[in-house]
Amino acid sequence: MKILILGAGPCGLGAAHRLNELGHSTWRIIEKNSHVGGLSASFLDDAGFTWDMGGHVLFSHYDYFDRVVAAALGGEWHEHQRESWVRIFQRWVPYPFQNNVRYLPDAVLKECVEGLRDLSGIPADAANFREWMDAVFGRGIVKHFMEPYNRKVWGVPLESMDKGWISERVSMVDLNRISKNIAEQRDDLSWGPNNRFKFPKQGGTGAIFEGIARPLMARIDLKRKMVRVDLEQKEVLLADGERVGYDFLINSSPLDLFVRSSVFLPDVVRVAADDLVHNGGLMAGIGLAGKRIDPKCWMYFPESDSPFYRVTNFFNYAAANVPQGTNDEYFSLICETTFSPHSPRNSATIMAETVEGLIASGLLTERERERIVSKWLLEVPYSYPVPTLGRDRALGIIQPYLESRGVYSRGRFGAWKYEVGNMDHSFMQGVEVIDRILYGARENTVGRRE
Ligand SMILES: Cc1cc2nc3c(=O)[nH]c(=O)nc-3n(C[C@H](O)[C@H](O)[C@H](O)COP(=O)(O)OP(=O)(O)OC[C@H]3O[C@@H](n4cnc5c(N)ncnc54)[C@H](O)[C@@H]3O)c2cc1C
């Protein structure tokens with residue numbers, strides 16, 4: 001049985017790892033890049049700074065994935081306590097924002113608390129993400145944080161988004177807890193699945209997937225791009241003209257592009273793929289000379305004085321993320337900006353806008369501008385698969401059809417499910433689909449709403 005895997009990101013590597021573990025030998029990965037890791041790869045720039053494609057942190061839901069990561073890194077990782085903050089009204093508010101509104105100016109705090117006392121609607125009845133916010137957070141928190149922040153991240157009208165993906169991804173609200181936090185002047189920081197996370201000591205997040213790929217490299221073809229799939233002949237055409245046959249195909253490339261490159265596909269499936277919405281990201285890494293002591297891990301930016309929605313203090317994750325072997329000290333920031341048809345951005349000017357945004361939001365001083373020693377920019381065309389209202393209907397047409405043809409589309413953009421689109425989920429989608437193909441086992445991750 002020949003199993004062909006498209007993409008050597010976490011999902012493709014999860015499938016390959018499982019096949020190797022089971023002693024299956026007729027499989028192969030086709031990867032268009034010259035490196036493994038996909039969106040979870042890391043890069044070393046000429047000045048000696050390591051960059052992720054947006055700050056990645058590892059917080060796993062799976063013992064299996066934990067064991068694979070531990071073996072891949074050989075124990076060489078740091079464990080960090082999450083510290084994340086929101087920059088708003090020229091001050092820092094601890095995350096989750098809604099639990100820490102006591103940091104806000106008095107009038108805004110009043111608006112937020114009144115909004116919570118006076119919630120409009122019932123979350124279950126909300127027709128979309130925007131209505132759901134009003135029902136859960138109230139008008140003050142929505143106006144000042146939820147609405148502007150989410151608009152910046154997703155780059156689409158929030159009315160076009162579903163609410164079904166939310167549970168683990170957004171901290172819920174408890175008015176009693178918030179009132180207590182205000183009365184006792186207490187910080188409330190512990191929410192979330194990712195309040196502790198691991199990070200490799202060397203090589204950025206990408207080191208995890210390089211380690212996982214190492215024993216598999218003989219079967220991973222780098223710099224080979226799939227350009228067409230013949231679903232009837234069960235054959236993939238590569239850019240260099242090679243044709244590769246398969247019995248089962250695991251696709252982790254973006255599902256809309258995959259559908260467009262497939263031949264012998266009903267129109268209804270093609271049309272459904274047009275309903276899949278995504279955004280892109282501009283990842284700007286700024287490396288600076290100097291010492292910075294700031295324990296924050298990452299920060300959220302809802303306001304319009306900066307293009308980015310999030311900045312990571314990447315120097316805090318591992319000493320090796322900044323240049324080593326000199327007497328000078330360095331620090332580094334990764335700034336993530338969304339682009340989409342609703343929220344266009346210019347990659348030629350984003351670096352300058354990012355530096356201005358860092359100054360406007362108090363993360364850099366004017367004097368530090370001269371201390372910038374590295375600017376690294378990466379344009380990521382597929383960054384977030386947006387959970388729109390039409391997504392599940394489209395997936396309900398596309399996926400069963402592909403599966404009937406021996407094609408399993410999995411991973412962040414293969415399955416197009418943001419709620420199970422992190423590194424651990426994507427890797428496990430690859431593992432689980434192999435158990436399904438070989439043994440008929442149930443796939444737990446791809447069908448889960450979390
Ligand atoms: C800004 C940002 C921040 C993130 N932060 C986190 C985080 O903190 N924690 C976390 O767990 N996850 C995070 N993620 C998610 C993480 O990056 C993904 O879960 C993971 O990389 C998805 O793995 P994948 O294999 O499904 O897809 P990808 O990583 O997209 O890999 C797909 C692979 O397919 C290859 N490919 C595509 N088309 C073709 C073709 N035609 N022919 C051959 N090969 C092809 C690509 O080159 C790529 O290598 C973040 C993602 C982004 C964008």
# chains A, B, ... in the order shown; residues from 1 in each chain; ligands from 1

$ residues_around --residues "Tyr103 of chain A" --least-positions-apart "3" --cutoff "9 Å" --atoms "only C-alpha atoms" --output "short mmCIF file (atom, residue, chain, number, x, y, z; two decimals) with C-alpha atoms, in the first residue's frame"
data_model
loop_
_atom_site.label_atom_id
_atom_site.label_comp_id
_atom_site.auth_asym_id
_atom_site.auth_seq_id
_atom_site.Cartn_x
_atom_site.Cartn_y
_atom_site.Cartn_z
CA ARG A 91 -0.77 51.00 29.85
CA TRP A 92 -0.29 47.26 30.23
CA VAL A 93 -3.26 45.12 31.29
CA PRO A 94 -2.58 41.47 32.19
CA ASN A 100 -8.14 42.39 34.77
CA ASP A 106 -12.02 54.73 35.56
CA LEU A 109 -13.64 50.30 33.68
CA ILE A 182 -11.51 44.79 41.28
#

$ residues_around --residues "Asp230 of chain A" --least-positions-apart "4" --cutoff "6 Å" --atoms "only C-alpha atoms" --output "PDB file with C-alpha atoms, in the first residue's frame"
ATOM      1  CA  LYS A 234      -4.385   8.359  -8.199  1.00  0.00           C
ATOM      2  CA  GLU A 235      -1.338  10.222  -9.359  1.00  0.00           C
ATOM      3  CA  SER A 262      -7.148  18.479  -8.690  1.00  0.00           C
ATOM      4  CA  VAL A 263      -8.590  17.097 -11.907  1.00  0.00           C
TER       5      VAL A 263
END

$ residues_near_ligand --ligand "ligand 1" --cutoff "7 Å" --atoms "only C-alpha atoms and all ligand atoms" --output "PDB file with N, CA and C atoms, in the first residue's frame"
ATOM      1  N   LEU A   6       1.703  14.945   1.290  1.00  0.00           N
ATOM      2  CA  LEU A   6       2.064  16.262   0.746  1.00  0.00           C
ATOM      3  C   LEU A   6       2.346  17.205   1.900  1.00  0.00           C
ATOM      4  N   GLY A   7       3.598  17.608   2.057  1.00  0.00           N
ATOM      5  CA  GLY A   7       3.968  18.579   3.075  1.00  0.00           C
ATOM      6  C   GLY A   7       4.716  17.952   4.235  1.00  0.00           C
ATOM      7  N   ALA A   8       5.881  18.559   4.572  1.00  0.00           N
ATOM      8  CA  ALA A   8       6.675  18.075   5.710  1.00  0.00           C
ATOM      9  C   ALA A   8       6.585  19.055   6.870  1.00  0.00           C
ATOM     10  N   GLY A   9       5.365  19.583   7.110  1.00  0.00           N
ATOM     11  CA  GLY A   9       5.105  20.353   8.323  1.00  0.00           C
ATOM     12  C   GLY A   9       4.745  19.373   9.433  1.00  0.00           C
ATOM     13  N   PRO A  10       4.272  19.881  10.573  1.00  0.00           N
ATOM     14  CA  PRO A  10       3.920  18.992  11.686  1.00  0.00           C
ATOM     15  C   PRO A  10       2.958  17.877  11.293  1.00  0.00           C
ATOM     16  N   CYS A  11       1.963  18.157  10.462  1.00  0.00           N
ATOM     17  CA  CYS A  11       0.981  17.130  10.111  1.00  0.00           C
ATOM     18  C   CYS A  11       1.625  16.010   9.290  1.00  0.00           C
ATOM     19  N   GLY A  12       2.335  16.397   8.226  1.00  0.00           N
ATOM     20  CA  GLY A  12       2.991  15.395   7.384  1.00  0.00           C
ATOM     21  C   GLY A  12       4.008  14.594   8.183  1.00  0.00           C
ATOM     22  N   ILE A  30       6.417  14.553  -0.084  1.00  0.00           N
ATOM     23  CA  ILE A  30       6.796  15.551  -1.086  1.00  0.00           C
ATOM     24  C   ILE A  30       6.663  16.917  -0.418  1.00  0.00           C
ATOM     25  N   GLU A  31       7.745  17.696  -0.383  1.00  0.00           N
ATOM     26  CA  GLU A  31       7.732  19.006   0.296  1.00  0.00           C
ATOM     27  C   GLU A  31       8.320  20.047  -0.645  1.00  0.00           C
ATOM     28  N   LYS A  32       7.599  21.155  -0.812  1.00  0.00           N
ATOM     29  CA  LYS A  32       8.078  22.152  -1.793  1.00  0.00           C
ATOM     30  C   LYS A  32       9.245  22.994  -1.266  1.00  0.00           C
ATOM     31  N   ASN A  33       9.337  23.160   0.032  1.00  0.00           N
ATOM     32  CA  ASN A  33      10.426  23.968   0.593  1.00  0.00           C
ATOM     33  C   ASN A  33      11.733  23.173   0.632  1.00  0.00           C
ATOM     34  N   VAL A  36      12.151  21.306   6.388  1.00  0.00           N
ATOM     35  CA  VAL A  36      10.927  20.745   6.974  1.00  0.00           C
ATOM     36  C   VAL A  36      10.342  21.749   7.975  1.00  0.00           C
ATOM     37  N   GLY A  37       9.158  21.451   8.499  1.00  0.00           N
ATOM     38  CA  GLY A  37       8.595  22.275   9.587  1.00  0.00           C
ATOM     39  C   GLY A  37       7.404  23.112   9.186  1.00  0.00           C
ATOM     40  N   GLY A  38       7.244  23.418   7.889  1.00  0.00           N
ATOM     41  CA  GLY A  38       6.099  24.232   7.453  1.00  0.00           C
ATOM     42  C   GLY A  38       6.042  25.547   8.204  1.00  0.00           C
ATOM     43  N   LEU A  39       4.861  25.898   8.686  1.00  0.00           N
ATOM     44  CA  LEU A  39       4.678  27.154   9.427  1.00  0.00           C
ATOM     45  C   LEU A  39       5.407  27.135  10.771  1.00  0.00           C
ATOM     46  N   SER A  40       5.846  25.965  11.185  1.00  0.00           N
ATOM     47  CA  SER A  40       6.536  25.844  12.476  1.00  0.00           C
ATOM     48  C   SER A  40       8.049  25.775  12.296  1.00  0.00           C
ATOM     49  N   MET A  53       8.096  31.812  12.615  1.00  0.00           N
ATOM     50  CA  MET A  53       7.119  32.471  11.731  1.00  0.00           C
ATOM     51  C   MET A  53       5.959  32.975  12.583  1.00  0.00           C
ATOM     52  N   GLY A  54       6.227  33.982  13.402  1.00  0.00           N
ATOM     53  CA  GLY A  54       5.290  34.400  14.459  1.00  0.00           C
ATOM     54  C   GLY A  54       5.655  33.585  15.684  1.00  0.00           C
ATOM     55  N   GLY A  55       5.616  34.216  16.863  1.00  0.00           N
ATOM     56  CA  GLY A  55       6.071  33.515  18.076  1.00  0.00           C
ATOM     57  C   GLY A  55       5.277  32.237  18.306  1.00  0.00           C
ATOM     58  N   HIS A  56       5.956  31.093  18.291  1.00  0.00           N
ATOM     59  CA  HIS A  56       5.286  29.811  18.540  1.00  0.00           C
ATOM     60  C   HIS A  56       5.619  29.333  19.956  1.00  0.00           C
ATOM     61  N   VAL A  57       4.627  28.818  20.657  1.00  0.00           N
ATOM     62  CA  VAL A  57       4.898  28.160  21.937  1.00  0.00           C
ATOM     63  C   VAL A  57       4.217  26.800  21.930  1.00  0.00           C
ATOM     64  N   LEU A  58       4.839  25.886  22.647  1.00  0.00           N
ATOM     65  CA  LEU A  58       4.395  24.501  22.615  1.00  0.00           C
ATOM     66  C   LEU A  58       3.591  24.186  23.871  1.00  0.00           C
ATOM     67  N   PHE A  59       2.311  23.977  23.683  1.00  0.00           N
ATOM     68  CA  PHE A  59       1.503  23.531  24.827  1.00  0.00           C
ATOM     69  C   PHE A  59       0.631  22.411  24.300  1.00  0.00           C
ATOM     70  N   ARG A 224      10.407  19.721  -3.861  1.00  0.00           N
ATOM     71  CA  ARG A 224       9.567  19.070  -4.869  1.00  0.00           C
ATOM     72  C   ARG A 224       8.155  19.580  -4.645  1.00  0.00           C
ATOM     73  N   LYS A 225       7.586  20.214  -5.660  1.00  0.00           N
ATOM     74  CA  LYS A 225       6.265  20.830  -5.477  1.00  0.00           C
ATOM     75  C   LYS A 225       5.187  20.072  -6.235  1.00  0.00           C
ATOM     76  N   MET A 226       4.091  19.769  -5.548  1.00  0.00           N
ATOM     77  CA  MET A 226       2.933  19.179  -6.226  1.00  0.00           C
ATOM     78  C   MET A 226       2.254  20.281  -7.023  1.00  0.00           C
ATOM     79  N   VAL A 227       1.955  20.015  -8.316  1.00  0.00           N
ATOM     80  CA  VAL A 227       1.239  21.025  -9.102  1.00  0.00           C
ATOM     81  C   VAL A 227      -0.123  20.530  -9.574  1.00  0.00           C
ATOM     82  N   SER A 252      -1.468  17.964   3.298  1.00  0.00           N
ATOM     83  CA  SER A 252      -1.448  18.997   4.346  1.00  0.00           C
ATOM     84  C   SER A 252      -1.218  20.378   3.739  1.00  0.00           C
ATOM     85  N   SER A 253      -1.278  20.477   2.414  1.00  0.00           N
ATOM     86  CA  SER A 253      -1.185  21.800   1.778  1.00  0.00           C
ATOM     87  C   SER A 253      -2.570  22.459   1.881  1.00  0.00           C
ATOM     88  N   PRO A 254      -2.678  23.785   1.672  1.00  0.00           N
ATOM     89  CA  PRO A 254      -3.986  24.441   1.822  1.00  0.00           C
ATOM     90  C   PRO A 254      -5.067  23.785   0.959  1.00  0.00           C
ATOM     91  N   GLY A 281      -0.097  36.564   6.913  1.00  0.00           N
ATOM     92  CA  GLY A 281       0.600  37.268   7.995  1.00  0.00           C
ATOM     93  C   GLY A 281       1.922  37.832   7.508  1.00  0.00           C
ATOM     94  N   GLU A 336       3.638  40.442  14.598  1.00  0.00           N
ATOM     95  CA  GLU A 336       2.774  39.762  13.621  1.00  0.00           C
ATOM     96  C   GLU A 336       1.642  40.685  13.170  1.00  0.00           C
ATOM     97  N   SER A 383      -1.976  32.122   6.907  1.00  0.00           N
ATOM     98  CA  SER A 383      -1.597  32.231   8.319  1.00  0.00           C
ATOM     99  C   SER A 383      -2.676  31.642   9.238  1.00  0.00           C
ATOM    100  N   TYR A 384      -3.938  32.141   9.119  1.00  0.00           N
ATOM    101  CA  TYR A 384      -5.050  31.620   9.932  1.00  0.00           C
ATOM    102  C   TYR A 384      -6.164  31.113   9.013  1.00  0.00           C
ATOM    103  N   ARG A 410      -5.542  16.885   5.927  1.00  0.00           N
ATOM    104  CA  ARG A 410      -5.422  17.095   7.361  1.00  0.00           C
ATOM    105  C   ARG A 410      -4.422  18.215   7.661  1.00  0.00           C
ATOM    106  N   GLY A 411      -4.396  18.653   8.947  1.00  0.00           N
ATOM    107  CA  GLY A 411      -3.459  19.690   9.362  1.00  0.00           C
ATOM    108  C   GLY A 411      -4.112  21.065   9.338  1.00  0.00           C
ATOM    109  N   ARG A 412      -3.323  22.104   9.666  1.00  0.00           N
ATOM    110  CA  ARG A 412      -3.884  23.451   9.867  1.00  0.00           C
ATOM    111  C   ARG A 412      -4.695  23.922   8.666  1.00  0.00           C
ATOM    112  N   PHE A 413      -4.110  23.849   7.470  1.00  0.00           N
ATOM    113  CA  PHE A 413      -4.845  24.291   6.280  1.00  0.00           C
ATOM    114  C   PHE A 413      -5.359  23.134   5.442  1.00  0.00           C
ATOM    115  N   GLY A 414      -4.919  21.916   5.759  1.00  0.00           N
ATOM    116  CA  GLY A 414      -5.465  20.752   5.074  1.00  0.00           C
ATOM    117  C   GLY A 414      -6.878  20.484   5.563  1.00  0.00           C
ATOM    118  N   GLY A 421      -5.920  23.514  15.009  1.00  0.00           N
ATOM    119  CA  GLY A 421      -4.898  23.841  14.010  1.00  0.00           C
ATOM    120  C   GLY A 421      -3.564  24.250  14.597  1.00  0.00           C
ATOM    121  N   ASN A 422      -3.295  23.895  15.869  1.00  0.00           N
ATOM    122  CA  ASN A 422      -1.977  24.181  16.433  1.00  0.00           C
ATOM    123  C   ASN A 422      -0.999  23.053  16.091  1.00  0.00           C
ATOM    124  N   MET A 423       0.243  23.216  16.551  1.00  0.00           N
ATOM    125  CA  MET A 423       1.272  22.219  16.208  1.00  0.00           C
ATOM    126  C   MET A 423       0.906  20.834  16.721  1.00  0.00           C
ATOM    127  N   ASP A 424       0.470  20.768  17.962  1.00  0.00           N
ATOM    128  CA  ASP A 424       0.169  19.440  18.532  1.00  0.00           C
ATOM    129  C   ASP A 424      -1.025  18.811  17.815  1.00  0.00           C
ATOM    130  N   HIS A 425      -2.062  19.614  17.571  1.00  0.00           N
ATOM    131  CA  HIS A 425      -3.230  19.098  16.853  1.00  0.00           C
ATOM    132  C   HIS A 425      -2.834  18.612  15.453  1.00  0.00           C
ATOM    133  N   SER A 426      -2.043  19.436  14.766  1.00  0.00           N
ATOM    134  CA  SER A 426      -1.698  19.113  13.370  1.00  0.00           C
ATOM    135  C   SER A 426      -0.872  17.834  13.318  1.00  0.00           C
ATOM    136  N   PHE A 427       0.099  17.734  14.223  1.00  0.00           N
ATOM    137  CA  PHE A 427       0.919  16.521  14.278  1.00  0.00           C
ATOM    138  C   PHE A 427       0.024  15.303  14.533  1.00  0.00           C
TER     139      PHE A 427
END

$ residues_around --residues "Met146 of chain A" --least-positions-apart "4" --cutoff "8 Å" --atoms "only C-alpha atoms" --output "MDAnalysis selection string"
chainID A and resid 133 141:142 150 302

$ select_by_dssp --residues "segment 288-438 of chain A" --states "strand (DSSP E or B)" --output "ChimeraX atom specification"
/A:288-289,298-300,310-313,330-340,343,372-386,388,407-409

$ select_by_dssp --residues "segment 205-440 of chain A" --states "alpha helix (DSSP H)" --output "PyMOL selection string"
chain A and resi 206-213+255-260+267-273+350-360+391-404+423-439

$ atom_distance --atom1 "atom CA of Arg292 of chain A" --atom2 "atom CA of Phe331 of chain A"
6.4 Å

$ closest_atom_pairs --of "segment 248-281 of chain A" --to "segment 337-345 of chain A" --cutoff "8 Å" --atoms "only C-alpha atoms" --output "CSV"
residue,atom,partner,partner_atom,distance
A:His278,CA,A:Ser340,CA,7.8
A:Asn279,CA,A:Ser340,CA,5.1
A:Gly280,CA,A:Phe339,CA,5.1
A:Gly281,CA,A:Thr338,CA,4.5

$ write_last_selection --atoms "N, CA and C atoms" --output "PDB file, in the first residue's frame"
ATOM      1  N   HIS A 278      -9.189  32.527   4.349  1.00  0.00           N
ATOM      2  CA  HIS A 278      -7.981  32.562   5.186  1.00  0.00           C
ATOM      3  C   HIS A 278      -7.419  33.976   5.184  1.00  0.00           C
ATOM      4  N   ASN A 279      -6.490  34.229   6.100  1.00  0.00           N
ATOM      5  CA  ASN A 279      -5.756  35.484   6.036  1.00  0.00           C
ATOM      6  C   ASN A 279      -4.270  35.165   5.870  1.00  0.00           C
ATOM      7  N   GLY A 280      -3.492  36.201   5.664  1.00  0.00           N
ATOM      8  CA  GLY A 280      -2.043  36.038   5.575  1.00  0.00           C
ATOM      9  C   GLY A 280      -1.382  36.817   6.697  1.00  0.00           C
ATOM     10  N   GLY A 281      -0.097  36.564   6.913  1.00  0.00           N
ATOM     11  CA  GLY A 281       0.600  37.268   7.995  1.00  0.00           C
ATOM     12  C   GLY A 281       1.922  37.832   7.508  1.00  0.00           C
TER      13      GLY A 281
END

$ closest_residue --among "A:Arg405, A:Arg310, A:Lys2, A:Arg186" --to "Tyr149 of chain A" --atoms "only C-alpha atoms"
A:Arg310

$ closest_residue --among "A:Leu389, A:Val244, A:Ala394, A:Ala15" --to "Asn128 of chain A" --atoms "only C-alpha atoms"
A:Leu389

$ residues_around --residues "Leu363 of chain A" --least-positions-apart "3" --cutoff "10 Å" --atoms "only C-alpha atoms" --output "ChimeraX atom specification"
/A:87,311,333,355,357-360,368

$ closest_residue --among "A:Thr205, A:Thr365, A:Asn181, A:Thr445" --to "Thr50 of chain A" --atoms "only C-alpha atoms"
A:Thr205

$ atom_distance --atom1 "atom CA of Asn251 of chain A" --atom2 "atom CA of Asp392 of chain A"
18.4 Å

$ closest_residue --among "A:Ile212, A:Cys335, A:Val269, A:Leu288" --to "Asp66 of chain A" --atoms "only C-alpha atoms"
A:Ile212

$ atom_distance --atom1 "atom CA of Leu119 of chain A" --atom2 "atom CA of Gly138 of chain A"
5.0 Å

$ closest_residue --among "A:Lys375, A:Arg436, A:Arg177, A:Arg214" --to "Leu13 of chain A" --atoms "only C-alpha atoms"
A:Arg214

$ decode --residues "segment 277-290 of chain A" --atoms "N, CA and C atoms" --output "PDB file, in the first residue's frame"
ATOM      1  N   VAL A 277     -12.082  30.581   3.747  1.00  0.00           N
ATOM      2  CA  VAL A 277     -11.481  31.921   3.888  1.00  0.00           C
ATOM      3  C   VAL A 277     -10.218  31.812   4.754  1.00  0.00           C
ATOM      4  N   HIS A 278      -9.189  32.527   4.349  1.00  0.00           N
ATOM      5  CA  HIS A 278      -7.981  32.562   5.186  1.00  0.00           C
ATOM      6  C   HIS A 278      -7.419  33.976   5.184  1.00  0.00           C
ATOM      7  N   ASN A 279      -6.490  34.229   6.100  1.00  0.00           N
ATOM      8  CA  ASN A 279      -5.756  35.484   6.036  1.00  0.00           C
ATOM      9  C   ASN A 279      -4.270  35.165   5.870  1.00  0.00           C
ATOM     10  N   GLY A 280      -3.492  36.201   5.664  1.00  0.00           N
ATOM     11  CA  GLY A 280      -2.043  36.038   5.575  1.00  0.00           C
ATOM     12  C   GLY A 280      -1.382  36.817   6.697  1.00  0.00           C
ATOM     13  N   GLY A 281      -0.097  36.564   6.913  1.00  0.00           N
ATOM     14  CA  GLY A 281       0.600  37.268   7.995  1.00  0.00           C
ATOM     15  C   GLY A 281       1.922  37.832   7.508  1.00  0.00           C
ATOM     16  N   LEU A 282       2.245  39.018   8.009  1.00  0.00           N
ATOM     17  CA  LEU A 282       3.569  39.589   7.776  1.00  0.00           C
ATOM     18  C   LEU A 282       4.313  39.505   9.102  1.00  0.00           C
ATOM     19  N   MET A 283       5.368  38.706   9.121  1.00  0.00           N
ATOM     20  CA  MET A 283       6.122  38.470  10.354  1.00  0.00           C
ATOM     21  C   MET A 283       7.378  39.340  10.313  1.00  0.00           C
ATOM     22  N   ALA A 284       7.429  40.303  11.208  1.00  0.00           N
ATOM     23  CA  ALA A 284       8.567  41.222  11.220  1.00  0.00           C
ATOM     24  C   ALA A 284       9.403  40.956  12.465  1.00  0.00           C
ATOM     25  N   GLY A 285      10.644  40.538  12.243  1.00  0.00           N
ATOM     26  CA  GLY A 285      11.558  40.324  13.366  1.00  0.00           C
ATOM     27  C   GLY A 285      12.490  41.517  13.486  1.00  0.00           C
ATOM     28  N   ILE A 286      12.561  42.074  14.695  1.00  0.00           N
ATOM     29  CA  ILE A 286      13.434  43.242  14.907  1.00  0.00           C
ATOM     30  C   ILE A 286      14.479  42.831  15.952  1.00  0.00           C
ATOM     31  N   GLY A 287      15.747  42.842  15.550  1.00  0.00           N
ATOM     32  CA  GLY A 287      16.832  42.502  16.469  1.00  0.00           C
ATOM     33  C   GLY A 287      17.544  43.768  16.913  1.00  0.00           C
ATOM     34  N   LEU A 288      17.791  43.882  18.212  1.00  0.00           N
ATOM     35  CA  LEU A 288      18.390  45.116  18.738  1.00  0.00           C
ATOM     36  C   LEU A 288      19.607  44.826  19.605  1.00  0.00           C
ATOM     37  N   ALA A 289      20.546  45.765  19.570  1.00  0.00           N
ATOM     38  CA  ALA A 289      21.676  45.686  20.488  1.00  0.00           C
ATOM     39  C   ALA A 289      21.254  46.292  21.814  1.00  0.00           C
ATOM     40  N   GLY A 290      21.693  45.690  22.894  1.00  0.00           N
ATOM     41  CA  GLY A 290      21.375  46.232  24.213  1.00  0.00           C
ATOM     42  C   GLY A 290      20.746  45.163  25.084  1.00  0.00           C
TER      43      GLY A 290
END
